[in-house]
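Engineer: Quick one, structure27.cif (mmCIF, C-alpha atoms):
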data_query
#
loop_
_atom_site.group_PDB
_atom_site.id
_atom_site.type_symbol
_atom_site.label_atom_id
_atom_site.label_comp_id
_atom_site.auth_asym_id
_atom_site.auth_seq_id
_atom_site.Cartn_x
_atom_site.Cartn_y
_atom_site.Cartn_z
ATOM 1 C CA MET G 3 -2.674 13.704 -12.056
ATOM 2 C CA THR G 4 -0.504 12.768 -15.015
ATOM 3 C CA ASP G 5 -0.724 9.508 -16.944
ATOM 4 C CA SER G 6 2.617 8.422 -15.474
ATOM 5 C CA GLU G 7 1.362 9.117 -11.920
ATOM 6 C CA ARG G 8 -1.796 7.115 -12.636
ATOM 7 C CA GLN G 9 0.285 4.231 -13.998
ATOM 8 C CA ALA G 10 2.602 4.354 -10.976
ATOM 9 C CA GLY G 11 -0.466 4.198 -8.722
ATOM 10 C CA ARG G 12 -1.815 1.158 -10.575
ATOM 11 C CA ASP G 13 1.619 -0.466 -10.323
ATOM 12 C CA LEU G 14 1.654 0.108 -6.556
ATOM 13 C CA GLU G 15 -1.848 -1.373 -6.221
ATOM 14 C CA ARG G 16 -0.666 -4.469 -8.107
ATOM 15 C CA VAL G 17 2.479 -4.725 -5.940
ATOM 16 C CA ILE G 18 0.417 -4.470 -2.737
ATOM 17 C CA LEU G 19 -1.888 -7.284 -3.859
ATOM 18 C CA GLU G 20 1.049 -9.430 -5.016
ATOM 19 C CA LEU G 21 2.893 -8.988 -1.707
ATOM 20 C CA LEU G 22 -0.227 -9.957 0.241
ATOM 21 C CA GLU G 23 -0.743 -12.977 -2.013
ATOM 22 C CA GLN G 24 2.763 -14.204 -1.122
ATOM 23 C CA ARG G 25 2.024 -14.071 2.604
ATOM 24 C CA ALA G 26 -0.234 -15.951 4.972
ATOM 25 C CA PRO G 27 -3.933 -14.981 4.749
ATOM 26 C CA THR G 28 -3.755 -13.137 8.069
ATOM 27 C CA ALA G 29 -0.441 -11.361 7.346
ATOM 28 C CA THR G 30 -0.050 -7.620 6.917
ATOM 29 C CA ILE G 31 2.397 -5.488 4.995
ATOM 30 C CA CYS G 32 3.655 -1.967 5.491
ATOM 31 C CA PRO G 33 3.322 0.587 2.691
ATOM 32 C CA SER G 34 7.132 0.699 2.733
ATOM 33 C CA ASP G 35 7.174 -2.952 1.626
ATOM 34 C CA ALA G 36 5.251 -1.953 -1.507
ATOM 35 C CA ALA G 37 7.352 1.176 -2.048
ATOM 36 C CA ARG G 38 10.580 -0.837 -1.833
ATOM 37 C CA ALA G 39 9.245 -3.569 -4.125
ATOM 38 C CA ALA G 40 8.095 -1.034 -6.729
ATOM 39 C CA TYR G 41 11.274 1.067 -6.672
ATOM 40 C CA PRO G 42 13.804 -0.089 -9.276
ATOM 41 C CA GLY G 43 16.934 1.293 -7.593
ATOM 42 C CA ASP G 44 19.155 0.171 -4.741
ATOM 43 C CA ASP G 45 19.216 3.512 -2.922
ATOM 44 C CA ASP G 46 16.596 5.055 -0.661
ATOM 45 C CA GLY G 47 14.608 6.539 -3.564
ATOM 46 C CA TRP G 48 11.751 4.237 -2.537
ATOM 47 C CA ARG G 49 10.930 6.764 0.180
ATOM 48 C CA ALA G 50 9.399 9.039 -2.479
ATOM 49 C CA LEU G 51 6.866 6.244 -3.116
ATOM 50 C CA MET G 52 5.608 6.101 0.479
ATOM 51 C CA GLU G 53 2.684 8.501 0.080
ATOM 52 C CA PRO G 54 1.757 7.075 -3.342
ATOM 53 C CA ALA G 55 1.769 3.600 -1.709
ATOM 54 C CA ARG G 56 -0.540 4.840 1.065
ATOM 55 C CA ARG G 57 -2.852 6.352 -1.592
ATOM 56 C CA ALA G 58 -2.811 3.061 -3.518
ATOM 57 C CA ALA G 59 -3.789 1.225 -0.317
ATOM 58 C CA ARG G 60 -6.664 3.667 0.239
ATOM 59 C CA ARG G 61 -7.928 3.021 -3.310
ATOM 60 C CA LEU G 62 -7.764 -0.724 -2.649
ATOM 61 C CA VAL G 63 -9.804 -0.185 0.539
ATOM 62 C CA GLU G 64 -12.426 1.646 -1.527
ATOM 63 C CA ALA G 65 -12.446 -1.280 -3.977
ATOM 64 C CA GLY G 66 -13.008 -3.733 -1.104
ATOM 65 C CA GLU G 67 -9.687 -5.518 -1.686
ATOM 66 C CA VAL G 68 -7.777 -4.672 1.501
ATOM 67 C CA GLU G 69 -8.142 -3.203 4.980
ATOM 68 C CA ILE G 70 -5.898 -0.665 6.664
ATOM 69 C CA THR G 71 -5.080 -1.327 10.297
ATOM 70 C CA GLN G 72 -3.374 0.392 13.189
ATOM 71 C CA GLY G 73 -2.643 -1.518 16.352
ATOM 72 C CA GLY G 74 -4.300 -4.579 14.808
ATOM 73 C CA ARG G 75 -7.650 -2.800 14.390
ATOM 74 C CA VAL G 76 -9.248 -1.736 11.126
ATOM 75 C CA VAL G 77 -9.231 2.048 10.769
ATOM 76 C CA ASP G 78 -10.815 4.527 8.395
ATOM 77 C CA PRO G 79 -8.044 5.327 5.899
ATOM 78 C CA ALA G 80 -9.101 8.980 5.784
ATOM 79 C CA LYS G 81 -8.521 9.301 9.526
ATOM 80 C CA ALA G 82 -5.398 7.150 9.896
ATOM 81 C CA ARG G 83 -2.381 9.092 11.104
ATOM 82 C CA GLY G 84 1.031 7.567 11.582
ATOM 83 C CA PRO G 85 2.147 4.031 10.741
ATOM 84 C CA ILE G 86 -0.396 1.781 9.052
ATOM 85 C CA ARG G 87 -0.498 -1.848 7.988
ATOM 86 C CA ILE G 88 -2.338 -3.341 5.020
ATOM 87 C CA ARG G 89 -4.053 -6.735 4.997
ATOM 88 C CA ARG G 90 -6.534 -8.667 2.927
ATOM 89 C CA VAL G 91 -10.181 -8.150 3.734
ATOM 90 C CA ARG G 92 -11.297 -10.659 6.346
#
What is this file in C-alpha coordinates?

Structural biologist:
Amino acid sequence: MTDSERQAGRDLERVILELLEQRAPTATICPSDAARAAYPGDDDGWRALMEPARRAARRLVEAGEVEITQGGRVVDPAKARGPIRIRRVR
(Lines of atoms letter the chains of each structure in order from A and count residues from 1; the text may use other names and numbers.)
(Lines give C-alpha, C1' and ligand atoms only; values in the text may rest on other atoms or scores of the structure.)
Protein backbone atom coordinates (compact mmCIF):
# COMPACT_ATOMS: atom_id res chain seq x y z
CA MET A 1 0.00 0.00 0.00
CA THR A 2 1.36 3.41 -0.95
CA ASP A 3 1.48 6.43 1.34
CA SER A 4 -1.26 8.09 -0.72
CA GLU A 5 -3.50 5.00 -0.38
CA ARG A 6 -2.90 4.97 3.38
CA GLN A 7 -3.76 8.67 3.59
CA ALA A 8 -6.91 8.16 1.49
CA GLY A 9 -7.92 5.35 3.86
CA ARG A 10 -7.42 7.58 6.91
CA ASP A 11 -9.43 10.32 5.18
CA LEU A 12 -12.29 7.87 4.56
CA GLU A 13 -12.22 6.75 8.20
CA ARG A 14 -12.48 10.39 9.29
CA VAL A 15 -15.34 11.04 6.83
CA ILE A 16 -17.25 7.98 8.09
CA LEU A 17 -16.96 9.15 11.70
CA GLU A 18 -17.90 12.73 10.77
CA LEU A 19 -20.98 11.60 8.84
CA LEU A 20 -22.12 9.46 11.77
CA GLU A 21 -21.52 12.35 14.17
CA GLN A 22 -23.90 14.51 12.10
CA ARG A 23 -26.70 11.95 12.36
CA ALA A 24 -28.87 10.61 15.14
CA PRO A 25 -27.11 8.14 17.48
CA THR A 26 -29.04 5.22 16.00
CA ALA A 27 -28.60 6.27 12.34
CA THR A 28 -26.59 4.35 9.77
CA ILE A 29 -24.73 5.39 6.66
CA CYS A 30 -23.85 3.55 3.48
CA PRO A 31 -20.22 3.32 2.36
CA SER A 32 -21.35 5.27 -0.71
CA ASP A 33 -22.17 8.22 1.56
CA ALA A 34 -18.53 8.30 2.66
CA ALA A 35 -17.23 7.75 -0.87
CA ARG A 36 -19.33 10.64 -2.20
CA ALA A 37 -18.32 12.93 0.67
CA ALA A 38 -14.62 12.15 0.19
CA TYR A 39 -14.63 12.50 -3.60
CA PRO A 40 -13.78 16.04 -4.72
CA GLY A 41 -15.46 15.91 -8.15
CA ASP A 42 -19.02 16.22 -9.39
CA ASP A 43 -18.97 13.12 -11.60
CA ASP A 44 -19.32 9.48 -10.62
CA GLY A 45 -15.62 9.09 -9.78
CA TRP A 46 -16.70 8.44 -6.18
CA ARG A 47 -17.50 4.89 -7.26
CA ALA A 48 -13.77 4.10 -7.27
CA LEU A 49 -13.80 4.87 -3.52
CA MET A 50 -16.47 2.28 -2.67
CA GLU A 51 -14.12 -0.59 -1.81
CA PRO A 52 -11.69 1.72 0.01
CA ALA A 53 -14.69 3.02 2.02
CA ARG A 54 -15.70 -0.55 2.91
CA ARG A 55 -12.09 -1.27 3.97
CA ALA A 56 -12.07 1.91 6.08
CA ALA A 57 -15.29 0.77 7.77
CA ARG A 58 -13.73 -2.63 8.50
CA ARG A 59 -10.72 -0.92 10.12
CA LEU A 60 -13.09 1.17 12.24
CA VAL A 61 -14.86 -2.04 13.32
CA GLU A 62 -11.49 -3.46 14.40
CA ALA A 63 -10.84 -0.25 16.36
CA GLY A 64 -14.22 -0.60 18.12
CA GLU A 65 -15.58 2.64 16.63
CA VAL A 66 -18.39 1.35 14.41
CA GLU A 67 -20.47 -1.71 13.57
CA ILE A 68 -21.33 -3.05 10.14
CA THR A 69 -24.90 -4.22 9.67
CA GLN A 70 -26.99 -6.00 7.09
CA GLY A 71 -30.74 -6.16 7.48
CA GLY A 72 -30.41 -4.25 10.76
CA ARG A 73 -28.21 -6.95 12.34
CA VAL A 74 -24.53 -6.66 13.15
CA VAL A 75 -22.45 -8.85 10.85
CA ASP A 76 -18.83 -9.95 10.73
CA PRO A 77 -17.22 -7.58 8.22
CA ALA A 78 -15.08 -10.39 6.82
CA LYS A 79 -18.20 -12.37 5.93
CA ALA A 80 -20.46 -9.54 4.76
CA ARG A 81 -21.45 -9.82 1.12
CA GLY A 82 -23.59 -7.29 -0.67
CA PRO A 83 -24.90 -3.98 0.67
CA ILE A 84 -23.81 -2.98 4.16
CA ARG A 85 -24.61 -0.14 6.53
CA ILE A 86 -22.31 1.47 9.08
CA ARG A 87 -23.38 2.71 12.51
CA ARG A 88 -21.83 3.76 15.78
CA VAL A 89 -21.16 1.02 18.29
CA ARG A 90 -24.18 0.56 20.54

Engineer: I'd like the residues picked by the PyMOL selection byres ((chain G and resi 67) around 10) written out as a tab-separated table (two decimals) with C-alpha atoms, in the coordinates of the input, using the chain letters and numbers from the file.

Structural biologist:
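Just written: expr24.tsv:
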chain	number	residue	atom	x	y	z
G	15	GLU	CA	-1.85	-1.37	-6.22
G	19	LEU	CA	-1.89	-7.28	-3.86
G	59	ALA	CA	-3.79	1.23	-0.32
G	60	ARG	CA	-6.66	3.67	0.24
G	61	ARG	CA	-7.93	3.02	-3.31
G	62	LEU	CA	-7.76	-0.72	-2.65
G	63	VAL	CA	-9.80	-0.18	0.54
G	64	GLU	CA	-12.43	1.65	-1.53
G	65	ALA	CA	-12.45	-1.28	-3.98
G	66	GLY	CA	-13.01	-3.73	-1.10
G	68	VAL	CA	-7.78	-4.67	1.50
G	69	GLU	CA	-8.14	-3.20	4.98
G	89	ARG	CA	-4.05	-6.74	5.00
G	90	ARG	CA	-6.53	-8.67	2.93
G	91	VAL	CA	-10.18	-8.15	3.73
G	92	ARG	CA	-11.30	-10.66	6.35

Engineer: Could you check which residues have any atom within 12 Å of (0.8, -0.5, -9.3), counting all atoms listed in the file with coordinates taken straight from the file, and then list them as a ChimeraX atom specification?

Structural biologist: /G:6-21,36-37,39-41,51,54-59,61-62

Engineer: Using Å and a single decimal, report how far CA of Glu23 (chain G) sits from CA of Met3 (chain G).

Structural biologist: 28.6 Å

Engineer: What is the distance between CA of Asp46 (chain G) and CA of Cys32 (chain G), in Å to one decimal?

Structural biologist: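 That distance, rounded to one decimal, is 16.0 Å.
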
Engineer: For the atom pair CA of Thr30 (chain G) and CA of Arg87 (chain G), what is the interatomic distance in Å to one decimal place?

Structural biologist: 5.9 Å

Engineer: So that all listed atoms of region 45-62 of chain G fit with 8 Å spare on each side, what axis-aligned box centre and edge lengths in Å, to one decimal, would you give as lines of an AutoDock Vina configuration file?

Structural biologist:
center_x = 5.6
center_y = 4.2
center_z = -1.2
size_x = 43.1
size_y = 25.8
size_z = 20.6

Engineer: Could you check which residues have any atom within 6 Å of (10.5, 1.9, -0.1), counting only C-alpha atoms with coordinates taken straight from the file, and then list them as a list in words?

Structural biologist: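 Counting only C-alpha atoms, I find these residues within 6 Å of (10.5, 1.9, -0.1): Ser34, Ala37, Arg38, Trp48 and Arg49 of chain G.
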